[in-house]
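Asks: Can you keep this structure in mind? I'll have questions shortly.
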Amino acid sequence: MITTDVLIVGSGPAGGAASLFLSTYGVDNIVLTRYGWTANTPRAHITNQRTVELMRDMGIEDEVVGKGTAHHLMGQTAFCTSLAGEEIGRIRTWGTHPRRLADYTEASPCLPMDLPQTLFEPILVSTAAARGARLLFNTEYEKLEQDADGVTATVRDRLSGTTYQIRAKYLIGADGGRSKVAQDIGLPMAGAMDLEGSMNIVFEADLSRYVAHRPSVLYWVLQPGAQIGGIGAGLVRMVRPWNEWLIVWGYDITQPAPVVDEAMATEIVHNLVGDDTIDVKLKGTSVWSVNHMYAEKASNGRVFCMGDAIHRHPPSNGLGSNTSIQDAYNLAWKLALVLNEQASPKLLATYDAERVPIARQIVDRANKSRTQFGQIFRALGMTPDAPDGWTIESRKDDTAAGAAQREELRKAIELKDYEFNAHGVELGQRYTSSAVVPDGTPEPSYAQDPELYYHPTTWPGARVPHCWLTRGSETVSTLDVVGKGRFTLLTGIGGDAWVKAARSVSEHLGVPIEPLVIGPGRELEDLYGDWARVREIPDAGCLLVRPDAHIAYRAFDQPDDPTETLNRTVSALLGHV
Ligand code: FDA
């Protein structure tokens, strides 16, 4: 029988990333997918800062960024009657507004970028393979059985029709929104599927004359009919600048799904572009539905689900693939420590505790964003009671009603910040679980809107705040000195007892903990003074940072016996006690 430590079902963003992280940490794994290669349609594309940070930790940031469309070309998002038609409003998205750009660049060493799933997945799986993963294409997962020591999966080679078994210590179900693994292990799901009908039309056409003056990855089309089904409005989305595109157009889910043939697809493209003379080279069409569903539990025994298997929602906010990759990052270091017998299997239970609340949050957020397009349609006179009340001319009137409409429209478009500039949702995840040791302080309150703004804090459970430090002549992010599959202890001048404690606990428990002192004349210096502003601890305190850059433990001063304290803390979070 074929054996492995971790069998991963699915090579999408979740499965591909899980394999990349595990392989980088030296964990033996097999990834299988029912298809002959990775995604053949460019669904996900918005790649948020946290995901780019994870790629940076894996050492492949340059490759990922190099294949994508740069941040400065992403954000002149237009609301128009068609690309050639009247423009109703514009919003600077993904942190490209000068005011928001400061927030985004202050929060991370990486910028958001646009990388279609068709290009991202091959990077994930090929890097994983180069680092030791075994890949099985054309291989379908059929069922699993688990016992006290492992999981036996039955899979079918779709080329030969042969069925065989793979034995693994753990299995990851990263098999997408219709996950059979989640179903087989009986994950409880909340919410509903198939709420709205949507279609994707992928095509090639040179649209540069309609977009060169407002480069963006998204162009929203508002016209009568665009509010039916779909993701709130019609969408023309850049796949590759500026000659490959994807249209999302809705249909009434209470009616049979349309058969999107070439004639229908071309008509929709011409309508949304507003120009029926453009040459359209169709690349593919598909019909899909909008879901609002998340798993209330993400694992059962030795089987862990991630990605769309546990969160199913519309693409609004661009959170699907990002969250899938981030799920994998959360679980991978825990599996590595458990498989190396450095942590108790109890550590794995923290995956559910930490990621299920995120699944729920993003499913709710994405669906709310979808419905918030309704405000724009209402401002344009189209309400459920007056579906034919569409008026874009009255907003030009020199009347009180015209002024009121202009203001209502401006506010309705501003509300879309919650979809396109939700920095807090993208970067502000804080965990509560037994792999985080509270320090007795209350969770810091949010000074600004928690969805729109990221609030850096070193409160245990939060991601370590980014700021630039120096190491000799090199400028490095705090995120560059943590991660890499190991714990890091950050302290300052006067924290030498913590350094000694980290070395001693690391040796005693057999778990890598890298102590780093930040201060004048030490290996890392805070020349800009930014670390002193964000660290929220005095020089002689310490932060213990997990391999996924979240803070496990924070101390404001030194206890009588730092080694004993740290030993107790690390043992507890690894599930040894
Ligand atoms: P995914 O569905 O991608 O992969 C599932 C994998 O499992 C595949 O490899 C499949 O072959 C395999 N599989 C399934 N069943 C199997 C079986 N029985 N045996 C073997 N293999 C099996 N997200 C985002 O972050 N930013 C964005 O901008 C967008 N935009 C976007 C636009 C549109 C139009 C859509 C429809 C979606 C998005 N998304 C997005 C969402 C994103 O595409 C989605 O969240 C991810 O693909 C989910 O990744 P997973 O790996 O979980 O599943």
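Letters A, B, ... mark the chains of the structure tokens in the order given; residue numbers begin at 1 per chain; ligand numbers begin at 1, in order shown.
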Grab me every residue within 7 Å of ligand 1, counting only C-alpha atoms and all ligand atoms, and send it over as a ChimeraX atom specification.
Replies: /A:9-15,32-35,38-39,43-47,139-142,174-177,179-180,200,248,306-309,314-315,318-324
Asks: Please write the residues from the selection above to a file, keeping N, CA and C atoms, as a CSV table (one decimal), in the first residue's frame.
Replies:
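File selection.csv, as written:
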```
chain,number,residue,atom,x,y,z
A,9,VAL,N,-6.4,15.9,-0.3
A,9,VAL,CA,-7.4,15.7,-1.4
A,9,VAL,C,-7.7,17.1,-2.0
A,10,GLY,N,-7.2,17.3,-3.3
A,10,GLY,CA,-7.5,18.6,-3.9
A,10,GLY,C,-6.2,19.4,-4.1
A,11,SER,N,-6.0,19.9,-5.3
A,11,SER,CA,-4.7,20.7,-5.6
A,11,SER,C,-5.1,22.1,-5.9
A,12,GLY,N,-6.2,22.6,-5.4
A,12,GLY,CA,-6.6,24.0,-5.5
A,12,GLY,C,-5.7,24.9,-4.6
A,13,PRO,N,-6.2,26.2,-4.4
A,13,PRO,CA,-5.4,27.0,-3.5
A,13,PRO,C,-5.2,26.4,-2.1
A,14,ALA,N,-6.2,25.8,-1.6
A,14,ALA,CA,-6.0,25.2,-0.2
A,14,ALA,C,-5.1,24.0,-0.2
A,15,GLY,N,-5.4,23.0,-1.1
A,15,GLY,CA,-4.5,21.8,-1.2
A,15,GLY,C,-3.1,22.1,-1.7
A,32,LEU,N,-3.6,14.8,-4.3
A,32,LEU,CA,-4.2,14.3,-5.4
A,32,LEU,C,-5.4,15.2,-5.9
A,33,THR,N,-5.6,15.1,-7.2
A,33,THR,CA,-6.7,15.9,-7.8
A,33,THR,C,-7.3,15.0,-8.9
A,34,ARG,N,-8.6,15.2,-9.0
A,34,ARG,CA,-9.3,14.4,-10.0
A,34,ARG,C,-9.0,14.8,-11.5
A,35,TYR,N,-8.4,16.0,-11.6
A,35,TYR,CA,-8.2,16.5,-13.0
A,35,TYR,C,-6.7,16.2,-13.4
A,38,THR,N,-3.9,21.6,-12.9
A,38,THR,CA,-4.5,22.5,-11.9
A,38,THR,C,-5.7,23.3,-12.5
A,39,ALA,N,-6.2,24.3,-11.9
A,39,ALA,CA,-7.4,25.0,-12.3
A,39,ALA,C,-7.4,25.4,-13.8
A,43,ARG,N,-10.6,31.7,-11.8
A,43,ARG,CA,-11.6,32.2,-10.8
A,43,ARG,C,-10.9,33.2,-9.9
A,44,ALA,N,-10.2,32.7,-8.8
A,44,ALA,CA,-9.6,33.7,-7.9
A,44,ALA,C,-8.5,34.5,-8.5
A,45,HIS,N,-8.4,35.7,-8.0
A,45,HIS,CA,-7.3,36.6,-8.6
A,45,HIS,C,-6.8,37.6,-7.6
A,46,ILE,N,-7.7,38.2,-6.8
A,46,ILE,CA,-7.2,39.2,-5.8
A,46,ILE,C,-6.4,38.4,-4.8
A,47,THR,N,-5.1,38.8,-4.7
A,47,THR,CA,-4.2,38.1,-3.7
A,47,THR,C,-3.9,39.1,-2.7
A,139,THR,N,-6.7,11.5,-10.4
A,139,THR,CA,-7.0,10.6,-9.3
A,139,THR,C,-8.1,11.1,-8.4
A,140,GLU,N,-9.1,10.3,-8.3
A,140,GLU,CA,-10.3,10.7,-7.6
A,140,GLU,C,-10.4,10.1,-6.2
A,141,TYR,N,-10.6,10.9,-5.2
A,141,TYR,CA,-10.9,10.4,-3.9
A,141,TYR,C,-12.3,9.8,-3.9
A,142,GLU,N,-12.4,8.6,-3.3
A,142,GLU,CA,-13.8,8.0,-3.3
A,142,GLU,C,-14.3,7.9,-1.8
A,174,ALA,N,-9.3,19.2,0.9
A,174,ALA,CA,-9.2,20.5,0.3
A,174,ALA,C,-9.9,20.4,-1.0
A,175,ASP,N,-11.1,19.7,-1.0
A,175,ASP,CA,-11.7,19.3,-2.3
A,175,ASP,C,-12.9,20.2,-2.6
A,176,GLY,N,-12.8,21.5,-2.2
A,176,GLY,CA,-13.7,22.5,-2.8
A,176,GLY,C,-15.1,22.6,-2.2
A,177,GLY,N,-15.9,23.4,-2.9
A,177,GLY,CA,-17.3,23.7,-2.4
A,177,GLY,C,-18.3,22.6,-2.4
A,179,SER,N,-17.3,19.5,-1.3
A,179,SER,CA,-16.4,18.6,-0.6
A,179,SER,C,-17.1,17.3,-0.2
A,180,LYS,N,-16.5,16.2,-0.8
A,180,LYS,CA,-17.0,14.9,-0.4
A,180,LYS,C,-16.3,14.5,0.9
A,200,ASN,N,-20.1,32.6,-15.6
A,200,ASN,CA,-18.8,33.1,-15.9
A,200,ASN,C,-18.6,33.0,-17.4
A,248,VAL,N,-18.9,38.2,-15.1
A,248,VAL,CA,-19.8,37.5,-14.2
A,248,VAL,C,-21.2,38.2,-14.4
A,306,MET,N,-10.4,22.2,4.7
A,306,MET,CA,-10.0,23.6,4.6
A,306,MET,C,-10.5,24.2,3.3
A,307,GLY,N,-10.4,25.5,3.1
A,307,GLY,CA,-10.8,26.1,1.8
A,307,GLY,C,-12.3,26.1,1.7
A,308,ASP,N,-12.7,26.1,0.4
A,308,ASP,CA,-14.1,26.1,0.1
A,308,ASP,C,-14.9,25.0,0.8
A,309,ALA,N,-14.2,23.9,1.1
A,309,ALA,CA,-14.8,22.8,1.8
A,309,ALA,C,-15.5,23.3,3.1
A,314,PRO,N,-19.8,33.9,-2.1
A,314,PRO,CA,-19.5,34.6,-3.4
A,314,PRO,C,-18.1,35.2,-3.4
A,315,PRO,N,-17.6,35.5,-4.6
A,315,PRO,CA,-16.2,36.0,-4.7
A,315,PRO,C,-16.0,37.5,-4.1
A,318,GLY,N,-13.0,39.1,-2.5
A,318,GLY,CA,-11.8,38.3,-3.0
A,318,GLY,C,-11.2,37.6,-1.8
A,319,LEU,N,-12.0,36.9,-1.0
A,319,LEU,CA,-11.5,36.2,0.2
A,319,LEU,C,-11.3,34.7,0.0
A,320,GLY,N,-11.9,34.1,-1.0
A,320,GLY,CA,-11.9,32.7,-1.0
A,320,GLY,C,-10.6,32.0,-1.1
A,321,SER,N,-9.8,32.2,-2.1
A,321,SER,CA,-8.6,31.6,-2.2
A,321,SER,C,-7.6,32.0,-1.2
A,322,ASN,N,-7.7,33.3,-0.8
A,322,ASN,CA,-6.8,33.9,0.2
A,322,ASN,C,-7.0,33.1,1.5
A,323,THR,N,-8.3,33.0,1.9
A,323,THR,CA,-8.6,32.3,3.2
A,323,THR,C,-8.2,30.9,3.1
A,324,SER,N,-8.4,30.3,1.9
A,324,SER,CA,-8.0,28.8,1.8
A,324,SER,C,-6.5,28.6,2.1
```
Asks: For stretch 94-159 of chain A against stretch 67-90 of chain A, with a cut-off of 9 Å and counting only C-alpha atoms, what is the closest atom pair and its distance in Å to one decimal for every residue that makes the cut, ordered by chain and number, as a Markdown table?
Replies:
```
| residue | atom | partner | partner_atom | distance |
| --- | --- | --- | --- | --- |
| A:Trp94 | CA | A:Gly75 | CA | 6.2 |
| A:Gly95 | CA | A:Gly75 | CA | 7.7 |
| A:Thr96 | CA | A:Gly75 | CA | 5.7 |
| A:His97 | CA | A:Gly75 | CA | 8.0 |
| A:Leu111 | CA | A:His71 | CA | 6.6 |
| A:Pro112 | CA | A:His71 | CA | 5.9 |
| A:Met113 | CA | A:His71 | CA | 5.0 |
| A:Asp114 | CA | A:Thr69 | CA | 5.0 |
| A:Leu115 | CA | A:Gly68 | CA | 4.5 |
| A:Pro116 | CA | A:Gly68 | CA | 7.6 |
| A:Leu119 | CA | A:Lys67 | CA | 7.4 |
| A:Phe120 | CA | A:Lys67 | CA | 8.3 |
```
Asks: Measuring atom to atom with only C-alpha atoms, identify which of A:Ala532, A:Val356, A:Met293, A:Ala168 is nearest to A:Trp468.
Replies: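 Once distances to A:Trp468 are computed over only C-alpha atoms, the minimum belongs to A:Ala532.
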Asks: Might you pull out every residue within 8 Å of stretch 122-134 of chain A, with only C-alpha atoms counted and same-chain residues fewer than 4 positions away left off, and present them as a PDB file with C-alpha atoms, in the first residue's frame?
Replies:
```pdb
ATOM      1  CA  SER A  11      -4.736  20.691  -5.550  1.00  0.00           C
ATOM      2  CA  PRO A  13      -5.375  27.020  -3.504  1.00  0.00           C
ATOM      3  CA  GLY A  16      -1.687  23.258  -3.225  1.00  0.00           C
ATOM      4  CA  ALA A  17      -0.722  25.614  -0.403  1.00  0.00           C
ATOM      5  CA  SER A  19       1.386  20.770   0.215  1.00  0.00           C
ATOM      6  CA  LEU A  20       3.770  23.701  -0.248  1.00  0.00           C
ATOM      7  CA  PHE A  21       3.842  24.505   3.473  1.00  0.00           C
ATOM      8  CA  SER A  23       6.877  20.121   2.027  1.00  0.00           C
ATOM      9  CA  THR A  24       8.801  23.215   3.089  1.00  0.00           C
ATOM     10  CA  GLY A  26       9.914  18.618   5.597  1.00  0.00           C
ATOM     11  CA  ASP A  28       6.033  13.818   3.652  1.00  0.00           C
ATOM     12  CA  ASN A  29       2.786  14.410   1.732  1.00  0.00           C
ATOM     13  CA  ILE A  30       0.819  13.319  -1.308  1.00  0.00           C
ATOM     14  CA  VAL A  31      -1.600  15.645  -3.139  1.00  0.00           C
ATOM     15  CA  THR A  38      -4.536  22.541 -11.895  1.00  0.00           C
ATOM     16  CA  VAL A  64       4.331  35.035  -7.359  1.00  0.00           C
ATOM     17  CA  THR A 118      -4.675  29.455 -13.313  1.00  0.00           C
TER      18      THR A 118
END
```
Asks: When you look at A:Ala226 with a cut-off of 10 Å (counting only C-alpha atoms), what residues show up, excluding the ones that are within fewer than 4 positions of it in the same chain? I need them as an mmCIF file with N, CA and C atoms, in the first residue's frame.
Replies:
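Dumped everything to around-v1.cif:
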```cif
data_model
loop_
_atom_site.group_PDB
_atom_site.id
_atom_site.type_symbol
_atom_site.label_atom_id
_atom_site.label_comp_id
_atom_site.auth_asym_id
_atom_site.auth_seq_id
_atom_site.Cartn_x
_atom_site.Cartn_y
_atom_site.Cartn_z
ATOM 1 N N THR A 81 -22.555 52.100 -16.914
ATOM 2 C CA THR A 81 -23.682 51.403 -17.547
ATOM 3 C C THR A 81 -23.172 50.336 -18.510
ATOM 4 N N TRP A 220 -17.656 47.413 -12.811
ATOM 5 C CA TRP A 220 -19.001 46.977 -12.445
ATOM 6 C C TRP A 220 -20.022 47.625 -13.380
ATOM 7 N N VAL A 221 -20.894 46.797 -13.904
ATOM 8 C CA VAL A 221 -21.872 47.286 -14.870
ATOM 9 C C VAL A 221 -23.248 47.351 -14.208
ATOM 10 N N LEU A 222 -23.783 48.581 -14.173
ATOM 11 C CA LEU A 222 -25.093 48.818 -13.571
ATOM 12 C C LEU A 222 -26.047 49.183 -14.695
ATOM 13 N N GLY A 230 -26.535 36.578 -9.476
ATOM 14 C CA GLY A 230 -25.125 36.939 -9.522
ATOM 15 C C GLY A 230 -24.571 37.500 -8.232
ATOM 16 N N ILE A 231 -23.631 38.426 -8.380
ATOM 17 C CA ILE A 231 -22.892 38.912 -7.216
ATOM 18 C C ILE A 231 -23.166 40.393 -6.953
ATOM 19 N N GLY A 232 -24.354 40.836 -7.305
ATOM 20 C CA GLY A 232 -24.777 42.188 -6.964
ATOM 21 C C GLY A 232 -24.914 43.093 -8.167
ATOM 22 N N ALA A 233 -24.086 42.898 -9.184
ATOM 23 C CA ALA A 233 -24.142 43.699 -10.413
ATOM 24 C C ALA A 233 -23.357 42.939 -11.469
ATOM 25 N N GLY A 234 -23.435 43.405 -12.722
ATOM 26 C CA GLY A 234 -22.633 42.775 -13.766
ATOM 27 C C GLY A 234 -21.165 43.120 -13.565
ATOM 28 N N LEU A 235 -20.291 42.213 -13.911
ATOM 29 C CA LEU A 235 -18.863 42.444 -13.676
ATOM 30 C C LEU A 235 -18.039 42.106 -14.914
ATOM 31 N N TRP A 249 -22.156 37.400 -14.762
ATOM 32 C CA TRP A 249 -23.499 37.913 -15.032
ATOM 33 C C TRP A 249 -24.487 36.973 -14.351
ATOM 34 N N GLY A 250 -25.512 37.548 -13.741
ATOM 35 C CA GLY A 250 -26.425 36.719 -12.957
ATOM 36 C C GLY A 250 -27.602 36.177 -13.761
ATOM 37 N N TYR A 251 -28.249 35.190 -13.186
ATOM 38 C CA TYR A 251 -29.525 34.743 -13.743
ATOM 39 C C TYR A 251 -30.441 34.391 -12.583
ATOM 40 N N LEU A 272 -22.182 44.186 -22.006
ATOM 41 C CA LEU A 272 -21.460 44.753 -20.864
ATOM 42 C C LEU A 272 -20.320 45.665 -21.304
ATOM 43 N N PHE A 377 -28.262 50.517 -6.610
ATOM 44 C CA PHE A 377 -29.448 50.423 -7.483
ATOM 45 C C PHE A 377 -30.583 51.289 -6.941
#
```
Asks: Env of A:Arg503: 9 Å cut, atoms = only C-alpha atoms, seq-sep filter 2 positions within chain, self excluded. Answer as a PyMOL selection string.
Replies: chain A and resi 498-501+505-508+512-515+563
Asks: Within stretch 226-309 of chain A, find each residue whose DSSP state, derived from the backbone, is alpha helix (DSSP H), and express the selection as a list in words.
Replies: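 Answer for stretch 226-309 of chain A, restricted to alpha helix (DSSP H): Glu262, Ala263, Met264, Ala265, Thr266, Glu267, Ile268, Val269, His270, Asn271, Leu272 and Val273 of chain A.
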Asks: Let's have the selection written as a PDB file, in the first residue's frame, with C-alpha atoms.
Replies:
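As a result, part.pdb now contains:
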```
ATOM      1  CA  GLU A 262     -21.497  31.140 -28.039  1.00  0.00           C
ATOM      2  CA  ALA A 263     -24.288  33.397 -29.274  1.00  0.00           C
ATOM      3  CA  MET A 264     -25.559  34.133 -25.772  1.00  0.00           C
ATOM      4  CA  ALA A 265     -22.053  34.647 -24.367  1.00  0.00           C
ATOM      5  CA  THR A 266     -21.102  37.037 -27.181  1.00  0.00           C
ATOM      6  CA  GLU A 267     -24.300  39.004 -26.708  1.00  0.00           C
ATOM      7  CA  ILE A 268     -23.610  39.391 -22.984  1.00  0.00           C
ATOM      8  CA  VAL A 269     -20.013  40.462 -23.652  1.00  0.00           C
ATOM      9  CA  HIS A 270     -21.137  43.028 -26.224  1.00  0.00           C
ATOM     10  CA  ASN A 271     -23.800  44.329 -23.847  1.00  0.00           C
ATOM     11  CA  LEU A 272     -21.460  44.753 -20.864  1.00  0.00           C
ATOM     12  CA  VAL A 273     -18.681  46.233 -22.946  1.00  0.00           C
TER      13      VAL A 273
END
```
Asks: How many Å lie between atom CA of A:His213 and atom CA of A:Leu101, rounded to one decimal?
Replies: 20.0 Å
Asks: Please list as a ChimeraX atom specification every residue within 12 Å of A:Pro559, counting only C-alpha atoms and excluding residues in the same chain fewer than 2 positions away.
Replies: /A:495,497-498,501,540-542,555-557,561-566
Asks: Please dump the current selection as a short mmCIF file (atom, residue, chain, number, x, y, z; two decimals), in the first residue's frame; keep N, CA and C atoms.
Replies:
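Listing of part06.cif after writing:
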```
data_model
loop_
_atom_site.label_atom_id
_atom_site.label_comp_id
_atom_site.auth_asym_id
_atom_site.auth_seq_id
_atom_site.Cartn_x
_atom_site.Cartn_y
_atom_site.Cartn_z
N GLY A 495 16.60 41.99 27.92
CA GLY A 495 15.81 40.75 27.84
C GLY A 495 16.68 39.51 27.74
N ALA A 497 17.69 37.43 29.82
CA ALA A 497 17.20 36.25 30.55
C ALA A 497 16.18 35.49 29.70
N TRP A 498 15.42 36.23 28.88
CA TRP A 498 14.47 35.57 27.97
C TRP A 498 15.21 34.78 26.89
N ALA A 501 16.37 31.72 28.41
CA ALA A 501 15.21 30.85 28.63
C ALA A 501 14.79 30.17 27.32
N ALA A 540 12.49 44.91 28.21
CA ALA A 540 12.84 43.63 28.83
C ALA A 540 11.69 42.62 28.82
N GLY A 541 10.57 42.99 28.20
CA GLY A 541 9.49 42.02 28.03
C GLY A 541 9.81 41.08 26.89
N CYS A 542 8.85 40.25 26.52
CA CYS A 542 9.11 39.39 25.35
C CYS A 542 7.82 39.02 24.64
N ALA A 555 4.97 38.85 27.44
CA ALA A 555 5.32 39.18 28.83
C ALA A 555 5.78 40.63 28.88
N PHE A 556 5.31 41.33 29.91
CA PHE A 556 5.68 42.75 30.05
C PHE A 556 6.97 42.93 30.83
N ASP A 557 7.30 41.90 31.61
CA ASP A 557 8.53 42.01 32.41
C ASP A 557 9.09 40.61 32.61
N ASP A 561 11.65 33.38 37.42
CA ASP A 561 12.37 32.33 36.69
C ASP A 561 11.83 32.25 35.26
N PRO A 562 12.39 33.07 34.36
CA PRO A 562 11.87 33.10 32.98
C PRO A 562 11.91 31.73 32.30
N THR A 563 12.91 30.93 32.61
CA THR A 563 13.01 29.62 31.95
C THR A 563 11.83 28.74 32.37
N GLU A 564 11.54 28.76 33.65
CA GLU A 564 10.43 27.94 34.14
C GLU A 564 9.11 28.44 33.54
N THR A 565 8.94 29.75 33.50
CA THR A 565 7.71 30.34 32.95
C THR A 565 7.56 29.98 31.47
N LEU A 566 8.64 30.14 30.74
CA LEU A 566 8.57 29.86 29.30
C LEU A 566 8.34 28.38 29.04
#
```
Asks: Please identify which residues in stretch 243-486 of chain A DSSP calls strand (DSSP E or B) from the backbone, and express them as a PyMOL selection string.
Replies: chain A and resi 244-251+281-295+299-300+303-305+311-312+383+386+430+462-463+468-471+474-477
Asks: Tell me which of A:Pro345, A:Gly483, A:Pro387, A:Gly440 sits closest to A:His576, counting only C-alpha atoms.
Replies: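 Nearest to A:His576: A:Pro345.
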Asks: Name all residues at most 7 Å from A:Tyr553 (count only C-alpha atoms; drop same-chain ones fewer than 3 positions away) and give them as a PDB file with C-alpha atoms, in the first residue's frame.
Replies:
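Dumped everything to out-v9.pdb:
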```pdb
ATOM      1  CA  VAL A 436      -2.450  31.207  22.489  1.00  0.00           C
ATOM      2  CA  VAL A 437      -1.676  32.080  26.093  1.00  0.00           C
ATOM      3  CA  PRO A 438      -3.674  35.084  27.335  1.00  0.00           C
ATOM      4  CA  PRO A 460      -1.696  37.264  22.142  1.00  0.00           C
ATOM      5  CA  LEU A 543       6.876  38.132  22.570  1.00  0.00           C
ATOM      6  CA  LEU A 544       6.812  34.453  21.682  1.00  0.00           C
TER       7      LEU A 544
END
```
Asks: What does the structure give for the distance between atom CA of A:Ala102 and atom CA of A:Val211, in Å to one decimal?
Replies: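 Here the two named atoms are 25.3 Å from each other.
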Asks: So, with only C-alpha atoms as the atoms that count, which of A:Thr478, A:Asn330, A:Thr105, A:Ser571 lies closest to A:Trp531?
Replies: A:Thr478
Asks: Kindly give the distance, in Å, that separates atom CA of A:Asp480 and atom CA of A:Leu337, rounded to a single decimal.
Replies: 20.9 Å
